[in-house]
Amino acid sequence: MTLPAGLARILPMLATLALLVAAISLVSPGFLDISVANGRLYGSPIDVLNRGAPVALLAIGMTLVIATGGIDLSVGAVMAICGAVAAKMVTLGYPLPLTLLAALATGAACGLWNGLLVSVLRIQPIIATLILMVAGRGIAQLVTEGAILTFSDPGFAFLGSGAILSVPFPVLLWTAAAVGTILVLRRTALGFLIEAVGVNARAAYRAGVNTRATIIAVYVVSGLCAALAGLVVTADIRGADANNAGLWLELDAILAVVIGGNSLLGGRFSIVASLIGAMITQTVNTGILLAGFPPEYNLLIKAWIVLVILLVQSPRLRPLLARRRASRQGTPT
Amino acid sequence: MSARLLPFAVTCAIFVLAYGLAWLQFPAILSTRVIGNLLTDNAYLGIVAVGMTVVILSGGIDLSVGAVIAFSGVFIGVMLRDTGLHPYAVFLLLLAITTLFGLAMGAVIHLLEMPPFIVTLAGMFMARGAAYVLSIDSIPIRHPAIEAIQSAYWLMPGKGRLTLIAGLMLLTVAAVTLLIHRSPFGTRVMAVGGDARTARLLGVDVGRTTVAVYGLSGFCAGLAGVVFAVYTSAGYSLATVGTELDAIAAVVIGGTLLTGGSGFVPGTLIGVLIMGLIQTYIVFDGTLSSWWTKIVIGMLLFGFVALQKGLVQLRTGDRAARRRAARQSGRHRATA
């Protein structure tokens, strides 16, 4: 039996997720229950999808950046900046659409800065984005003037806690963003160009790919995704916290991409796999709480899961597994 | 001046210039007291940044160090509280654990050919997680031996205090400087960081060097953990979050190339002192908010990276010009 290539690619991640869900359901039987109350879905699976929204949004942009062989460490700080800008504008009385546009523009500008550093100045991505990661929280604090800016605009709060057709808005937002990005990338040559840059930037350049524009574009997309994630987080707590909004989420997003089987060296990528990766980490977080483990164990368990997943994907182990599979297929049954 | 030492010279010049400007505004800042405090307050960061320098020189990165420092504090606190071990025995045990932890990460990076970024990220989760499991509360660290370390200092002229932990930091910088710039091990680290494949062809044991580099970083992180525990008299699992970023920033400001293979260890100390000076200046000023520290460090980072890019371009440009000149002189000889 042969599977379609796309499905075969994400099968290991789906299996991991299913295994995790099964294990958690054994420990806490009510894990898969979903109920509707006050015109809104409730239950642990919905909770996972909802709480995983910021990391899922970041993972979309991060997948593209990593596919070009880069990395974006600044997304957490960009979330804080965009959240601060949005909260500031809402409290100053600007209309909501203008506020949202300003936040998105801020995210795009941050991405443009990163992209220019990486593609024009040719600074290593890890250090180019480290600059904004360090300075970004300072900039966000400059906007909020060191305080936590709270607001009560119901329209803005809807982004974080509203629901359409009883589905929480953050879930709709990240699925829509993912579907939109995948359609644009796969219905056009853009996705292919990104992979070409990631596999061999010089060869892509010689073949006529505008590598500079491609690299800038992926960092801008990553900045936009960070802006969306920042809006969701800010709307959820109805306040902009420059110190803690999106703190360490860049690491969670990178982890989601890696768990999704995308190579940090760039090249072929799958956004769907990254999103499943994001849901795996969120399921682990929620599952550990539900299973009654003390939350202190959360990080240790996460570290071991990451190590096991990495071990399975290790370039050294893969040939061994492939050889075994080949020998098994070779023997007639 | 060699291109390797130029970034170091620029870092030193910026430090002296910044200190001079601060001195013009606040003459009191130029005293051995302030300098002594600068060294003591940043002792743990200096030690951990030196370990990070070696990792970065080898072409890698170690994100676990901040979590290892936090683990160290909690470990020391719990051991002193629950066992009758002498602090020095606990310190030795801790250094053994963190060194082994670093060696293990190095082994995973080398044997499984996995990116250091992800392996040390998992290491960060693991060390921080182990600290949580030991204790989620802040544990006071009290012992006559530790109080003796805390109150040990050498009185500098001008009543400044060079504390024992500051001295330990300077000693670490000196030892690692010798190790990297004056020993065969240092040459191997530079070779691996410059080009791992060429290093292998030249007969360098890349695997052993990589594992040793992360072991050294683990040792430095453990030592920094001891210093931090002595400095704060407490172990807390949420302490030193993000210290790895401060360390990386100090390394870059100190003139080490993040691509590996080129740098000068004492530059990192100056990088740490520049970052400490910014904080001291903000304390002296009193009206500036603390977030300016982050913005200024970000701008410094950008400045240094841009400077290094310019230097590298200058060097390759020189080489191209020389090659062109050589070709031309060759043609002249052919026509003559």
# chains A, B, ... in the order shown; residues from 1 in each chain; ligands from 1

$ residues_around --residues "range 49-52 of chain B" --least-positions-apart "2" --cutoff "7 Å" --atoms "only C-alpha atoms" --output "ChimeraX atom specification"
/B:45-47,54-56,62,173,216-217,220,247-248,250-251,265,268

$ write_last_selection --atoms "N, CA and C atoms" --output "compact mmCIF listing (two decimals), in the first residue's frame"
# COMPACT_ATOMS: atom_id res chain seq x y z
N LEU B 45 28.32 36.13 35.58
CA LEU B 45 28.13 36.31 34.13
C LEU B 45 29.47 36.18 33.40
N GLY B 46 30.53 36.72 34.00
CA GLY B 46 31.85 36.63 33.38
C GLY B 46 32.29 35.18 33.22
N ILE B 47 32.11 34.38 34.26
CA ILE B 47 32.55 32.99 34.21
C ILE B 47 31.77 32.23 33.15
N VAL B 54 34.22 29.77 24.46
CA VAL B 54 34.88 28.58 23.93
C VAL B 54 33.92 27.81 23.03
N VAL B 55 32.66 27.66 23.49
CA VAL B 55 31.67 26.94 22.67
C VAL B 55 31.49 27.65 21.33
N ILE B 56 31.38 28.98 21.37
CA ILE B 56 31.14 29.73 20.13
C ILE B 56 32.38 29.69 19.23
N ASP B 62 25.57 27.22 23.37
CA ASP B 62 25.08 26.49 24.55
C ASP B 62 23.98 27.30 25.21
N VAL B 173 38.99 33.72 33.65
CA VAL B 173 39.27 34.36 32.36
C VAL B 173 40.73 34.10 31.96
N LEU B 216 33.57 21.74 29.11
CA LEU B 216 34.15 22.96 29.69
C LEU B 216 33.06 23.99 29.97
N SER B 217 32.11 24.12 29.02
CA SER B 217 31.01 25.07 29.22
C SER B 217 30.15 24.66 30.41
N CYS B 220 32.05 25.59 33.52
CA CYS B 220 31.97 27.04 33.76
C CYS B 220 30.59 27.42 34.30
N ALA B 247 25.11 36.19 28.08
CA ALA B 247 26.44 35.64 27.83
C ALA B 247 26.78 35.71 26.34
N ILE B 248 25.82 35.32 25.49
CA ILE B 248 26.08 35.36 24.05
C ILE B 248 26.34 36.80 23.61
N ALA B 250 27.55 39.22 25.41
CA ALA B 250 28.88 39.62 25.88
C ALA B 250 29.96 39.07 24.96
N VAL B 251 29.78 37.83 24.52
CA VAL B 251 30.77 37.21 23.63
C VAL B 251 30.86 37.99 22.32
N VAL B 265 39.58 35.57 23.92
CA VAL B 265 38.82 35.32 25.14
C VAL B 265 38.71 36.55 26.06
N THR B 268 35.69 38.94 25.86
CA THR B 268 34.42 38.63 26.49
C THR B 268 34.29 39.32 27.85

$ closest_atom_pairs --of "chain A" --to "chain B" --cutoff "9 Å" --atoms "only C-alpha atoms" --output "JSON lines"
{"residue": "A:Leu121", "atom": "CA", "partner": "B:Lys309", "partner_atom": "CA", "distance": 7.7}
{"residue": "A:Arg122", "atom": "CA", "partner": "B:Lys309", "partner_atom": "CA", "distance": 8.1}
{"residue": "A:Ile123", "atom": "CA", "partner": "B:Val305", "partner_atom": "CA", "distance": 7.4}
{"residue": "A:Gln124", "atom": "CA", "partner": "B:Thr259", "partner_atom": "CA", "distance": 7.8}
{"residue": "A:Ile126", "atom": "CA", "partner": "B:Leu258", "partner_atom": "CA", "distance": 8.9}
{"residue": "A:Ile127", "atom": "CA", "partner": "B:Leu258", "partner_atom": "CA", "distance": 7.6}
{"residue": "A:Ala128", "atom": "CA", "partner": "B:Phe302", "partner_atom": "CA", "distance": 7.8}
{"residue": "A:Leu130", "atom": "CA", "partner": "B:Leu245", "partner_atom": "CA", "distance": 8.2}
{"residue": "A:Ile131", "atom": "CA", "partner": "B:Gly298", "partner_atom": "CA", "distance": 5.0}
{"residue": "A:Leu132", "atom": "CA", "partner": "B:Gly298", "partner_atom": "CA", "distance": 6.7}
{"residue": "A:Met133", "atom": "CA", "partner": "B:Gly298", "partner_atom": "CA", "distance": 8.2}
{"residue": "A:Val134", "atom": "CA", "partner": "B:Gly298", "partner_atom": "CA", "distance": 5.6}
{"residue": "A:Ala135", "atom": "CA", "partner": "B:Ile295", "partner_atom": "CA", "distance": 4.3}
{"residue": "A:Gly136", "atom": "CA", "partner": "B:Ile295", "partner_atom": "CA", "distance": 7.4}
{"residue": "A:Arg137", "atom": "CA", "partner": "B:Lys294", "partner_atom": "CA", "distance": 7.3}
{"residue": "A:Gly138", "atom": "CA", "partner": "B:Trp291", "partner_atom": "CA", "distance": 4.5}
{"residue": "A:Ile139", "atom": "CA", "partner": "B:Ile295", "partner_atom": "CA", "distance": 6.7}
{"residue": "A:Ala140", "atom": "CA", "partner": "B:Trp291", "partner_atom": "CA", "distance": 8.9}
{"residue": "A:Gln141", "atom": "CA", "partner": "B:Trp291", "partner_atom": "CA", "distance": 6.4}
{"residue": "A:Leu142", "atom": "CA", "partner": "B:Trp291", "partner_atom": "CA", "distance": 7.1}
{"residue": "A:Glu145", "atom": "CA", "partner": "B:Ser289", "partner_atom": "CA", "distance": 8.9}
{"residue": "A:Gly146", "atom": "CA", "partner": "B:Trp291", "partner_atom": "CA", "distance": 7.9}
{"residue": "A:Leu251", "atom": "CA", "partner": "B:Leu121", "partner_atom": "CA", "distance": 7.9}
{"residue": "A:Ile254", "atom": "CA", "partner": "B:Ile118", "partner_atom": "CA", "distance": 8.6}
{"residue": "A:Leu255", "atom": "CA", "partner": "B:Ile118", "partner_atom": "CA", "distance": 7.8}
{"residue": "A:Val258", "atom": "CA", "partner": "B:Ile118", "partner_atom": "CA", "distance": 8.4}
{"residue": "A:Leu264", "atom": "CA", "partner": "B:Pro115", "partner_atom": "CA", "distance": 7.5}
{"residue": "A:Leu265", "atom": "CA", "partner": "B:Pro115", "partner_atom": "CA", "distance": 8.7}
{"residue": "A:Pro294", "atom": "CA", "partner": "B:Val133", "partner_atom": "CA", "distance": 8.9}
{"residue": "A:Pro295", "atom": "CA", "partner": "B:Tyr132", "partner_atom": "CA", "distance": 8.8}
{"residue": "A:Glu296", "atom": "CA", "partner": "B:Tyr132", "partner_atom": "CA", "distance": 5.1}
{"residue": "A:Tyr297", "atom": "CA", "partner": "B:Val133", "partner_atom": "CA", "distance": 6.3}
{"residue": "A:Asn298", "atom": "CA", "partner": "B:Gly129", "partner_atom": "CA", "distance": 7.2}
{"residue": "A:Leu299", "atom": "CA", "partner": "B:Gly129", "partner_atom": "CA", "distance": 4.7}
{"residue": "A:Leu300", "atom": "CA", "partner": "B:Gly129", "partner_atom": "CA", "distance": 4.7}
{"residue": "A:Ile301", "atom": "CA", "partner": "B:Gly129", "partner_atom": "CA", "distance": 8.3}
{"residue": "A:Lys302", "atom": "CA", "partner": "B:Phe125", "partner_atom": "CA", "distance": 7.4}
{"residue": "A:Ala303", "atom": "CA", "partner": "B:Ala122", "partner_atom": "CA", "distance": 5.2}
{"residue": "A:Trp304", "atom": "CA", "partner": "B:Met126", "partner_atom": "CA", "distance": 7.8}
{"residue": "A:Val306", "atom": "CA", "partner": "B:Ala122", "partner_atom": "CA", "distance": 6.8}
{"residue": "A:Leu307", "atom": "CA", "partner": "B:Ala122", "partner_atom": "CA", "distance": 6.9}
{"residue": "A:Leu310", "atom": "CA", "partner": "B:Met114", "partner_atom": "CA", "distance": 8.1}
{"residue": "A:Leu311", "atom": "CA", "partner": "B:Leu112", "partner_atom": "CA", "distance": 7.5}
{"residue": "A:Ser314", "atom": "CA", "partner": "B:Leu112", "partner_atom": "CA", "distance": 5.9}
{"residue": "A:Pro315", "atom": "CA", "partner": "B:Glu113", "partner_atom": "CA", "distance": 6.7}
{"residue": "A:Arg316", "atom": "CA", "partner": "B:Leu112", "partner_atom": "CA", "distance": 5.6}
{"residue": "A:Leu317", "atom": "CA", "partner": "B:Leu112", "partner_atom": "CA", "distance": 7.5}

$ closest_residue --among "B:Val211, B:Ile139, B:Ala221, B:Ile149" --to "Ala96 in chain B" --atoms "only C-alpha atoms"
B:Ala221

$ select_by_dssp --residues "range 85-160 of chain A" --states "helix (DSSP H, G or I)" --output "PyMOL selection string"
chain A and resi 85-91+96-119+125-144+154-160

$ closest_residue --among "B:Ile278, B:Leu179, B:Met79, B:Leu6" --to "His143 in chain B" --atoms "only C-alpha atoms"
B:Met79

$ closest_residue --among "B:Phe185, B:Phe26, B:Phe15, B:Phe101" --to "Ser58 in chain B" --atoms "only C-alpha atoms"
B:Phe185

$ residues_around --residues "Thr280 in chain B" --least-positions-apart "6" --cutoff "12 Å" --atoms "only C-alpha atoms" --output "list in words"
Ala18, Tyr19, Ala22, Trp23, Phe26, Ala28, Ile29, Leu30, Val34, Ile35, Gly36, Asn37, Leu38, Leu39, Asp41, Asn42, Leu273, Ile274, Gly286, Leu288, Ser290 and Thr293 of chain B

$ write_last_selection --atoms "N, CA and C atoms" --output "CSV table (one decimal), in the first residue's frame"
chain,number,residue,atom,x,y,z
B,18,ALA,N,33.3,54.9,27.0
B,18,ALA,CA,32.0,55.0,27.7
B,18,ALA,C,32.3,55.3,29.2
B,19,TYR,N,33.3,54.7,29.7
B,19,TYR,CA,33.7,55.0,31.1
B,19,TYR,C,34.0,56.4,31.3
B,22,ALA,N,30.9,58.6,31.2
B,22,ALA,CA,30.2,58.5,32.5
B,22,ALA,C,31.0,59.2,33.6
B,23,TRP,N,32.3,59.2,33.5
B,23,TRP,CA,33.1,59.9,34.5
B,23,TRP,C,33.0,61.4,34.5
B,26,PHE,N,29.5,61.8,36.1
B,26,PHE,CA,29.6,61.5,37.5
B,26,PHE,C,31.0,61.1,37.9
B,28,ALA,N,32.3,60.4,40.5
B,28,ALA,CA,32.5,59.3,41.5
B,28,ALA,C,32.5,57.9,40.9
B,29,ILE,N,32.2,57.8,39.6
B,29,ILE,CA,32.1,56.5,39.0
B,29,ILE,C,33.5,55.9,38.8
B,30,LEU,N,34.5,56.8,38.8
B,30,LEU,CA,35.9,56.3,38.6
B,30,LEU,C,36.5,56.1,40.0
B,34,VAL,N,33.6,51.4,42.8
B,34,VAL,CA,32.7,51.1,41.7
B,34,VAL,C,33.2,49.9,40.9
B,35,ILE,N,34.5,50.0,40.6
B,35,ILE,CA,35.1,48.9,39.8
B,35,ILE,C,35.0,47.5,40.5
B,36,GLY,N,35.3,47.6,41.8
B,36,GLY,CA,35.2,46.3,42.6
B,36,GLY,C,33.7,45.8,42.5
B,37,ASN,N,32.8,46.7,42.7
B,37,ASN,CA,31.4,46.2,42.6
B,37,ASN,C,31.0,45.7,41.2
B,38,LEU,N,31.5,46.4,40.2
B,38,LEU,CA,31.3,46.0,38.8
B,38,LEU,C,31.8,44.5,38.6
B,39,LEU,N,32.9,44.2,39.1
B,39,LEU,CA,33.5,42.9,39.0
B,39,LEU,C,32.7,41.9,39.8
B,41,ASP,N,29.5,42.1,40.9
B,41,ASP,CA,28.1,41.9,40.5
B,41,ASP,C,28.1,41.1,39.2
B,42,ASN,N,29.1,41.1,38.4
B,42,ASN,CA,29.1,40.4,37.1
B,42,ASN,C,30.0,39.2,37.1
B,273,LEU,N,31.9,43.7,31.1
B,273,LEU,CA,32.0,44.9,31.8
B,273,LEU,C,31.3,46.1,31.2
B,274,ILE,N,31.2,46.1,29.8
B,274,ILE,CA,30.5,47.1,29.1
B,274,ILE,C,29.0,47.0,29.5
B,286,GLY,N,19.7,57.5,37.8
B,286,GLY,CA,18.5,57.5,38.6
B,286,GLY,C,17.2,57.9,37.9
B,288,LEU,N,16.9,57.4,34.4
B,288,LEU,CA,16.7,56.5,33.2
B,288,LEU,C,16.0,55.2,33.7
B,290,SER,N,15.1,51.1,33.4
B,290,SER,CA,16.0,49.9,33.2
B,290,SER,C,15.9,49.4,31.8
B,293,THR,N,18.7,49.7,29.2
B,293,THR,CA,19.8,48.7,29.2
B,293,THR,C,19.6,47.8,28.0

$ residues_around --residues "Ala196 in chain B" --least-positions-apart "4" --cutoff "9 Å" --atoms "only C-alpha atoms" --output "JSON, numbers by chain"
{"B": [58, 59, 191, 192, 200, 201, 204, 206]}

$ select_by_dssp --residues "range 52-209 of chain B" --states "strand (DSSP E or B)" --output "VMD selection string"
chain B and resid 139 to 140 153 to 155 161 to 163

$ atom_distance --atom1 "CA of Ser44 in chain A" --atom2 "CA of Gly287 in chain A"
8.8 Å

$ residues_around --residues "Val75 in chain A" --least-positions-apart "4" --cutoff "7 Å" --atoms "only C-alpha atoms" --output "count of residues only"
4

$ residues_around --residues "Thr234 in chain A" --least-positions-apart "2" --cutoff "10 Å" --atoms "only C-alpha atoms" --output "ChimeraX atom specification"
/A:79-80,82-84,86-87,149-151,156-157,159-160,228-232,236-242,245-246

$ residues_around --residues "Asn38 in chain A" --least-positions-apart "6" --cutoff "12 Å" --atoms "only C-alpha atoms" --output "PyMOL selection string"
chain A and resi 162-163+165-167

$ write_last_selection --atoms "N, CA and C atoms" --output "JSON list (two decimals), in the first residue's frame"
[["chain", "number", "residue", "atom", "x", "y", "z"],
["A", 162, "GLY", "N", -13.28, 35.62, 22.27],
["A", 162, "GLY", "CA", -14.56, 35.50, 21.58],
["A", 162, "GLY", "C", -14.72, 34.14, 20.91],
["A", 163, "ALA", "N", -15.92, 33.91, 20.35],
["A", 163, "ALA", "CA", -16.15, 32.65, 19.65],
["A", 163, "ALA", "C", -17.10, 32.90, 18.49],
["A", 165, "LEU", "N", -19.64, 30.76, 15.93],
["A", 165, "LEU", "CA", -20.27, 29.44, 15.80],
["A", 165, "LEU", "C", -19.73, 28.50, 16.85],
["A", 166, "SER", "N", -19.59, 29.01, 18.06],
["A", 166, "SER", "CA", -19.14, 28.30, 19.26],
["A", 166, "SER", "C", -17.69, 27.80, 19.19],
["A", 167, "VAL", "N", -16.94, 28.19, 18.14],
["A", 167, "VAL", "CA", -15.52, 27.86, 18.10],
["A", 167, "VAL", "C", -14.73, 29.08, 18.58]]

$ closest_residue --among "B:Leu92, B:Ala43, B:Ile76, B:Met190" --to "Gly276 in chain B" --atoms "only C-alpha atoms"
B:Ala43
